[in-house]
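Shown next: query-v3.tsv, given as TSV, N, CA and C atoms and all ligand atoms.
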```
chain	number	residue	atom	x	y	z
A	1	MET	N	31.06	-13.65	18.18
A	1	MET	CA	29.71	-13.10	18.27
A	1	MET	C	28.75	-14.07	18.93
A	2	LYS	N	28.97	-15.36	18.65
A	2	LYS	CA	28.10	-16.36	19.26
A	2	LYS	C	28.25	-16.33	20.79
A	3	ASN	N	29.49	-16.17	21.24
A	3	ASN	CA	29.74	-16.07	22.68
A	3	ASN	C	29.04	-14.88	23.29
A	4	LEU	N	29.07	-13.77	22.57
A	4	LEU	CA	28.45	-12.54	23.06
A	4	LEU	C	26.94	-12.73	23.22
A	5	GLU	N	26.31	-13.33	22.20
A	5	GLU	CA	24.86	-13.57	22.28
A	5	GLU	C	24.53	-14.50	23.43
A	6	HIS	N	25.36	-15.51	23.57
A	6	HIS	CA	25.16	-16.45	24.67
A	6	HIS	C	25.25	-15.72	26.01
A	7	SER	N	26.27	-14.89	26.15
A	7	SER	CA	26.47	-14.16	27.40
A	7	SER	C	25.31	-13.23	27.69
A	8	PHE	N	24.81	-12.59	26.64
A	8	PHE	CA	23.71	-11.65	26.81
A	8	PHE	C	22.47	-12.37	27.32
A	9	ARG	N	22.16	-13.54	26.73
A	9	ARG	CA	21.02	-14.33	27.19
A	9	ARG	C	21.23	-14.72	28.65
A	10	TYR	N	22.45	-15.08	28.94
A	10	TYR	CA	22.80	-15.52	30.28
A	10	TYR	C	22.56	-14.38	31.28
A	11	TYR	N	22.98	-13.20	30.89
A	11	TYR	CA	22.81	-12.04	31.76
A	11	TYR	C	21.33	-11.70	31.94
A	12	LYS	N	20.59	-11.68	30.83
A	12	LYS	CA	19.18	-11.32	30.89
A	12	LYS	C	18.37	-12.31	31.72
A	13	SER	N	18.85	-13.54	31.78
A	13	SER	CA	18.11	-14.55	32.53
A	13	SER	C	18.19	-14.30	34.03
A	14	GLY	N	19.10	-13.43	34.44
A	14	GLY	CA	19.22	-13.09	35.85
A	14	GLY	C	20.01	-14.10	36.67
A	15	LYS	N	20.61	-15.07	35.99
A	15	LYS	CA	21.43	-16.04	36.70
A	15	LYS	C	22.78	-15.41	37.05
A	16	PRO	N	23.53	-16.04	37.94
A	16	PRO	CA	24.83	-15.46	38.31
A	16	PRO	C	25.68	-15.17	37.08
A	17	SER	N	26.37	-14.04	37.10
A	17	SER	CA	27.10	-13.61	35.90
A	17	SER	C	28.46	-14.31	35.79
A	18	PHE	N	28.89	-15.02	36.83
A	18	PHE	CA	30.20	-15.64	36.76
A	18	PHE	C	30.19	-16.88	35.89
A	19	ILE	N	31.06	-16.86	34.90
A	19	ILE	CA	31.23	-18.01	34.02
A	19	ILE	C	32.69	-18.38	34.07
A	20	LYS	N	32.97	-19.68	34.22
A	20	LYS	CA	34.35	-20.11	34.44
A	20	LYS	C	35.27	-19.80	33.26
A	21	ILE	N	34.73	-19.84	32.06
A	21	ILE	CA	35.57	-19.55	30.89
A	21	ILE	C	35.81	-18.04	30.87
A	22	SER	N	37.08	-17.66	30.95
A	22	SER	CA	37.40	-16.26	31.16
A	22	SER	C	36.92	-15.36	30.03
A	23	ARG	N	36.93	-15.86	28.79
A	23	ARG	CA	36.53	-15.02	27.67
A	23	ARG	C	35.05	-14.65	27.79
A	24	LEU	N	34.23	-15.61	28.15
A	24	LEU	CA	32.80	-15.34	28.33
A	24	LEU	C	32.58	-14.39	29.49
A	25	ASN	N	33.33	-14.60	30.54
A	25	ASN	CA	33.20	-13.76	31.72
A	25	ASN	C	33.46	-12.30	31.37
A	26	TYR	N	34.44	-12.08	30.55
A	26	TYR	CA	34.77	-10.72	30.12
A	26	TYR	C	33.56	-10.08	29.43
A	27	PHE	N	32.93	-10.85	28.52
A	27	PHE	CA	31.77	-10.32	27.81
A	27	PHE	C	30.64	-9.96	28.76
A	28	VAL	N	30.40	-10.83	29.71
A	28	VAL	CA	29.30	-10.60	30.65
A	28	VAL	C	29.55	-9.33	31.45
A	29	ILE	N	30.76	-9.16	31.93
A	29	ILE	CA	31.10	-7.96	32.71
A	29	ILE	C	30.88	-6.73	31.85
A	30	ASP	N	31.31	-6.79	30.60
A	30	ASP	CA	31.17	-5.66	29.71
A	30	ASP	C	29.72	-5.31	29.45
A	31	ILE	N	28.88	-6.32	29.28
A	31	ILE	CA	27.46	-6.08	29.05
A	31	ILE	C	26.85	-5.41	30.27
A	32	LYS	N	27.28	-5.82	31.45
A	32	LYS	CA	26.76	-5.21	32.67
A	32	LYS	C	27.09	-3.71	32.71
A	33	VAL	N	28.31	-3.36	32.33
A	33	VAL	CA	28.69	-1.95	32.30
A	33	VAL	C	27.80	-1.19	31.33
A	34	GLU	N	27.57	-1.76	30.16
A	34	GLU	CA	26.69	-1.13	29.17
A	34	GLU	C	25.29	-0.94	29.74
A	35	HIS	N	24.84	-1.93	30.47
A	35	HIS	CA	23.51	-1.91	31.07
A	35	HIS	C	23.41	-0.75	32.07
A	36	ILE	N	24.44	-0.59	32.89
A	36	ILE	CA	24.45	0.50	33.87
A	36	ILE	C	24.48	1.84	33.15
A	37	ILE	N	25.29	1.95	32.10
A	37	ILE	CA	25.39	3.20	31.35
A	37	ILE	C	24.02	3.57	30.78
A	38	ALA	N	23.33	2.59	30.22
A	38	ALA	CA	22.00	2.85	29.63
A	38	ALA	C	21.05	3.40	30.68
A	39	HIS	N	21.12	2.87	31.88
A	39	HIS	CA	20.26	3.35	32.96
A	39	HIS	C	20.60	4.78	33.33
A	40	ILE	N	21.90	5.02	33.48
A	40	ILE	CA	22.34	6.35	33.92
A	40	ILE	C	21.92	7.42	32.91
A	41	ARG	N	22.07	7.09	31.63
A	41	ARG	CA	21.72	8.06	30.61
A	41	ARG	C	20.24	8.43	30.66
A	42	SER	N	19.43	7.54	31.18
A	42	SER	CA	17.99	7.80	31.20
A	42	SER	C	17.56	8.62	32.42
A	43	VAL	N	18.44	8.81	33.37
A	43	VAL	CA	18.01	9.54	34.57
A	43	VAL	C	18.13	11.05	34.36
A	44	ILE	N	17.31	11.75	35.11
A	44	ILE	CA	17.23	13.21	35.00
A	44	ILE	C	18.60	13.86	35.22
A	45	LYS	N	19.35	13.33	36.16
A	45	LYS	CA	20.63	13.94	36.48
A	45	LYS	C	21.56	13.94	35.28
A	46	TYR	N	21.47	12.89	34.48
A	46	TYR	CA	22.30	12.85	33.27
A	46	TYR	C	21.86	13.94	32.29
A	47	LYS	N	20.54	14.12	32.18
A	47	LYS	CA	20.04	15.17	31.28
A	47	LYS	C	20.49	16.55	31.76
A	48	TRP	N	20.49	16.71	33.09
A	48	TRP	CA	20.98	17.97	33.66
A	48	TRP	C	22.46	18.16	33.31
A	49	TRP	N	23.26	17.11	33.47
A	49	TRP	CA	24.70	17.20	33.17
A	49	TRP	C	24.92	17.60	31.72
A	50	ARG	N	24.22	16.90	30.82
A	50	ARG	CA	24.36	17.15	29.38
A	50	ARG	C	24.01	18.60	29.05
A	51	THR	N	22.85	19.06	29.54
A	51	THR	CA	22.39	20.42	29.26
A	51	THR	C	23.37	21.44	29.83
A	52	SER	N	23.89	21.18	31.02
A	52	SER	CA	24.84	22.10	31.66
A	52	SER	C	26.10	22.26	30.82
A	53	VAL	N	26.59	21.14	30.29
A	53	VAL	CA	27.80	21.18	29.45
A	53	VAL	C	27.52	21.98	28.17
A	54	LEU	N	26.40	21.68	27.53
A	54	LEU	CA	26.07	22.35	26.26
A	54	LEU	C	25.86	23.85	26.46
A	55	GLU	N	25.17	24.21	27.54
A	55	GLU	CA	24.90	25.63	27.80
A	55	GLU	C	26.19	26.38	28.14
A	56	ARG	N	27.04	25.75	28.94
A	56	ARG	CA	28.32	26.39	29.28
A	56	ARG	C	29.13	26.67	28.01
A	57	ASP	N	29.12	25.71	27.08
A	57	ASP	CA	29.88	25.86	25.83
A	57	ASP	C	29.10	26.62	24.77
A	58	GLU	N	27.92	27.13	25.13
A	58	GLU	CA	27.05	27.89	24.22
A	58	GLU	C	26.78	27.11	22.93
A	59	TYR	N	26.69	25.80	23.07
A	59	TYR	CA	26.36	24.90	21.95
A	59	TYR	C	27.39	24.97	20.82
A	60	LYS	N	28.62	25.41	21.16
A	60	LYS	CA	29.68	25.48	20.15
A	60	LYS	C	30.55	24.22	20.25
A	61	CYS	N	30.88	23.69	19.08
A	61	CYS	CA	31.69	22.47	19.02
A	61	CYS	C	33.11	22.75	19.53
A	62	TRP	N	33.60	21.87	20.37
A	62	TRP	CA	34.93	22.01	20.96
A	62	TRP	C	36.01	22.02	19.87
A	63	TYR	N	35.79	21.28	18.79
A	63	TYR	CA	36.79	21.22	17.71
A	63	TYR	C	36.73	22.44	16.80
A	64	SER	N	35.52	22.75	16.31
A	64	SER	CA	35.41	23.77	15.26
A	64	SER	C	35.06	25.15	15.80
A	65	GLY	N	34.48	25.23	16.98
A	65	GLY	CA	34.04	26.52	17.52
A	65	GLY	C	32.73	26.99	16.91
A	66	LEU	N	32.18	26.20	15.98
A	66	LEU	CA	30.92	26.57	15.33
A	66	LEU	C	29.73	26.08	16.15
A	67	ILE	N	28.61	26.78	16.01
A	67	ILE	CA	27.41	26.36	16.73
A	67	ILE	C	26.91	25.04	16.13
A	68	CYS	N	26.64	24.07	17.00
A	68	CYS	CA	26.28	22.72	16.55
A	68	CYS	C	24.84	22.65	16.07
A	69	LYS	N	24.64	21.86	15.01
A	69	LYS	CA	23.29	21.53	14.57
A	69	LYS	C	22.74	20.42	15.45
A	70	PHE	N	23.62	19.46	15.74
A	70	PHE	CA	23.25	18.32	16.59
A	70	PHE	C	24.27	18.20	17.72
A	71	PRO	N	24.09	19.05	18.75
A	71	PRO	CA	25.09	19.06	19.82
A	71	PRO	C	25.04	17.82	20.70
A	72	GLU	N	26.24	17.35	21.06
A	72	GLU	CA	26.34	16.23	21.99
A	72	GLU	C	27.37	16.59	23.06
A	73	ALA	N	27.17	16.02	24.24
A	73	ALA	CA	28.13	16.25	25.33
A	73	ALA	C	29.10	15.07	25.36
A	74	HIS	N	30.37	15.38	25.20
A	74	HIS	CA	31.40	14.35	25.20
A	74	HIS	C	32.09	14.32	26.56
A	75	HIS	N	32.36	13.12	27.06
A	75	HIS	CA	33.11	12.96	28.31
A	75	HIS	C	34.61	12.92	28.01
A	76	ASN	N	35.36	13.82	28.59
A	76	ASN	CA	36.82	13.76	28.41
A	76	ASN	C	37.35	12.47	29.00
A	77	LYS	N	36.94	12.19	30.20
A	77	LYS	CA	37.25	10.88	30.80
A	77	LYS	C	36.01	10.02	30.59
A	78	ALA	N	36.17	8.92	29.88
A	78	ALA	CA	35.02	8.12	29.43
A	78	ALA	C	34.15	7.66	30.60
A	79	PHE	N	32.86	7.68	30.32
A	79	PHE	CA	31.85	7.22	31.27
A	79	PHE	C	32.19	5.84	31.82
A	80	ASN	N	32.48	4.91	30.93
A	80	ASN	CA	32.72	3.54	31.40
A	80	ASN	C	34.01	3.41	32.21
A	81	ARG	N	34.96	4.31	31.95
A	81	ARG	CA	36.19	4.30	32.77
A	81	ARG	C	35.88	4.73	34.20
A	82	ILE	N	35.02	5.74	34.35
A	82	ILE	CA	34.64	6.21	35.69
A	82	ILE	C	33.86	5.11	36.41
A	83	ILE	N	32.94	4.48	35.68
A	83	ILE	CA	32.12	3.42	36.29
A	83	ILE	C	32.98	2.26	36.77
A	84	LYS	N	33.97	1.91	35.96
A	84	LYS	CA	34.86	0.81	36.37
A	84	LYS	C	35.76	1.23	37.52
A	85	GLN	N	36.27	2.45	37.44
A	85	GLN	CA	37.20	2.94	38.47
A	85	GLN	C	36.56	2.93	39.86
A	86	TYR	N	35.29	3.38	39.94
A	86	TYR	CA	34.62	3.47	41.25
A	86	TYR	C	33.76	2.23	41.55
A	87	HIS	N	33.87	1.21	40.69
A	87	HIS	CA	33.13	-0.05	40.89
A	87	HIS	C	31.64	0.21	41.05
A	88	ILE	N	31.10	1.06	40.19
A	88	ILE	CA	29.68	1.42	40.28
A	88	ILE	C	28.84	0.27	39.74
A	89	LYS	N	27.88	-0.16	40.55
A	89	LYS	CA	27.04	-1.29	40.16
A	89	LYS	C	25.56	-0.99	40.28
A	90	SER	N	25.22	0.22	40.67
A	90	SER	CA	23.80	0.56	40.78
A	90	SER	C	23.60	2.03	40.46
A	91	ILE	N	22.36	2.38	40.18
A	91	ILE	CA	22.02	3.78	39.91
A	91	ILE	C	22.33	4.64	41.14
A	92	GLU	N	22.05	4.11	42.33
A	92	GLU	CA	22.29	4.86	43.56
A	92	GLU	C	23.77	5.23	43.68
A	93	GLN	N	24.63	4.26	43.42
A	93	GLN	CA	26.08	4.53	43.49
A	93	GLN	C	26.47	5.56	42.44
A	94	ALA	N	25.88	5.44	41.27
A	94	ALA	CA	26.18	6.38	40.18
A	94	ALA	C	25.76	7.80	40.55
A	95	LEU	N	24.57	7.92	41.12
A	95	LEU	CA	24.07	9.24	41.49
A	95	LEU	C	24.95	9.91	42.54
A	96	ASN	N	25.63	9.10	43.35
A	96	ASN	CA	26.48	9.64	44.41
A	96	ASN	C	27.94	9.79	44.00
A	97	CYS	N	28.24	9.50	42.75
A	97	CYS	CA	29.63	9.60	42.27
A	97	CYS	C	29.85	10.99	41.66
A	98	ALA	N	30.57	11.84	42.40
A	98	ALA	CA	30.75	13.23	41.98
A	98	ALA	C	31.41	13.35	40.60
A	99	GLU	N	32.35	12.48	40.32
A	99	GLU	CA	33.09	12.61	39.06
A	99	GLU	C	32.19	12.40	37.84
A	100	LEU	N	31.19	11.55	37.99
A	100	LEU	CA	30.27	11.31	36.86
A	100	LEU	C	29.51	12.58	36.48
A	101	TRP	N	29.27	13.44	37.46
A	101	TRP	CA	28.42	14.62	37.23
A	101	TRP	C	29.19	15.92	37.20
A	102	ASP	N	30.51	15.82	37.08
A	102	ASP	CA	31.35	17.01	37.01
A	102	ASP	C	31.29	17.56	35.59
A	103	ILE	N	30.74	18.77	35.45
A	103	ILE	CA	30.58	19.29	34.08
A	103	ILE	C	31.94	19.67	33.47
A	104	ASN	N	32.96	19.78	34.30
A	104	ASN	CA	34.31	20.04	33.76
A	104	ASN	C	34.87	18.81	33.04
A	105	ASN	N	34.20	17.68	33.20
A	105	ASN	CA	34.61	16.47	32.48
A	105	ASN	C	33.89	16.36	31.13
A	106	GLY	N	33.14	17.39	30.75
A	106	GLY	CA	32.39	17.31	29.50
A	106	GLY	C	32.67	18.49	28.58
A	107	VAL	N	32.57	18.24	27.28
A	107	VAL	CA	32.65	19.32	26.29
A	107	VAL	C	31.59	19.08	25.22
A	108	CYS	N	31.16	20.18	24.62
A	108	CYS	CA	30.16	20.11	23.54
A	108	CYS	C	30.86	19.75	22.23
A	109	MET	N	30.24	18.82	21.48
A	109	MET	CA	30.76	18.46	20.15
A	109	MET	C	29.60	18.26	19.19
A	110	GLU	N	29.84	18.65	17.93
A	110	GLU	CA	28.88	18.33	16.87
A	110	GLU	C	28.84	16.81	16.71
A	111	LYS	N	27.63	16.30	16.49
A	111	LYS	CA	27.43	14.85	16.46
A	111	LYS	C	28.43	14.11	15.55
A	112	VAL	N	28.55	14.54	14.29
A	112	VAL	CA	29.44	13.80	13.37
A	112	VAL	C	30.91	13.90	13.79
A	113	ILE	N	31.26	15.05	14.35
A	113	ILE	CA	32.64	15.22	14.82
A	113	ILE	C	32.88	14.34	16.04
A	114	HIS	N	31.86	14.26	16.87
A	114	HIS	CA	31.93	13.41	18.06
A	114	HIS	C	32.19	11.95	17.67
A	115	ARG	N	31.43	11.49	16.64
A	115	ARG	CA	31.64	10.10	16.15
A	115	ARG	C	33.06	9.93	15.63
A	116	ALA	N	33.51	10.91	14.84
A	116	ALA	CA	34.86	10.84	14.26
A	116	ALA	C	35.91	10.81	15.36
A	117	HIS	N	35.69	11.62	16.38
A	117	HIS	CA	36.62	11.66	17.53
A	117	HIS	C	36.76	10.25	18.12
A	118	HIS	N	35.62	9.60	18.33
A	118	HIS	CA	35.68	8.26	18.94
A	118	HIS	C	36.19	7.20	17.98
A	119	ASP	N	35.95	7.39	16.68
A	119	ASP	CA	36.51	6.45	15.70
A	119	ASP	C	38.04	6.49	15.74
A	120	ILE	N	38.56	7.68	15.98
A	120	ILE	CA	40.02	7.85	16.02
A	120	ILE	C	40.59	7.43	17.37
A	121	TRP	N	39.97	7.92	18.44
A	121	TRP	CA	40.55	7.75	19.78
A	121	TRP	C	39.93	6.60	20.57
A	122	GLY	N	38.89	6.00	20.03
A	122	GLY	CA	38.24	4.90	20.74
A	122	GLY	C	37.18	5.42	21.71
A	123	TRP	N	36.40	4.48	22.23
A	123	TRP	CA	35.32	4.85	23.15
A	123	TRP	C	35.74	4.66	24.57
A	201	ZN	ZN	32.34	11.23	23.49
```

Produce structure tokens that represent the structure in this file.
Ligand SMILES: [Zn+2]
Amino acid sequence: MKNLEHSFRYYKSGKPSFIKISRLNYFVIDIKVEHIIAHIRSVIKYKWWRTSVLERDEYKCWYSGLICKFPEAHHNKAFNRIIKQYHIKSIEQALNCAELWDINNGVCMEKVIHRAHHDIWGW
């Protein structure tokens, strides 16, 4: 955890992200991916994607078929996997990545079921 905090400070400082110790380097890269994801989620296009998935599924949970109280859009292929696969490093690149915005890559899930799904299958 100490390494993670150190890496986070390092990243926020805007200095080069390359650190010779491989374990730290891994953390820094991971934080960058999280940072990009946070940005993407805040853009209008992401809201459009989410709403499109939920409306297509009529707000019914993919597992139970029941109408969700707290609907969430789940990515079948994880967001961070797509970002890593296409080496996305900016919002512009993300906006131009068709796979990120493919509504066929999303399904509606009830919030608690969505959490349970990721607890079992990972994020
Ligand atoms: Zn999910």

**Request:** List all protein, DNA and RNA residues that have an atom no more than 7 Å from any atom of ligand ZN 201 (chain A), counting all atoms listed in the file, and report them as a PyMOL selection string.
**Result:** chain A and resi 73-76+114-115+118

### Task
Give me, please, the distance in Å between atom N of A:Ile83 and atom N of A:Glu110, quoted to one decimal.
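That distance, rounded to one decimal, is 22.9 Å.
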
Find the residues around stretch 55-61 of chain A up to 6 Å (all atoms listed in the file counted), leave out those fewer than 5 positions away in its own chain, and share them as a list in words. Arg50, Leu66, Ile67, Cys68, Cys108, Met109 and Glu110 of chain A

Correct to one decimal, the distance atom CA of A:Lys45-atom CA of A:Ile120 is 28.8 Å

Would you mind telling me which residue in A:Phe70, A:Lys89, A:Ser52, A:Ile36 lies nearest to A:Asn104 when using only C-alpha atoms?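 Answer, going by the shortest atom-to-atom distance: A:Ser52.
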
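Going from atom C of A:Glu72 to atom N of A:Lys84 covers 20.6 Å.
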
A:Ile88, A:Trp49, A:His39, A:Lys69 ranked by distance to A:Asp102, top pick (using all atoms listed in the file)
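So, comparing all the options, the nearest one is A:Trp49.
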
In terms of only C-alpha atoms, the residue from A:Val33, A:Ile103, A:Val112, A:Trp62 at minimal distance from A:Arg81 is A:Val33
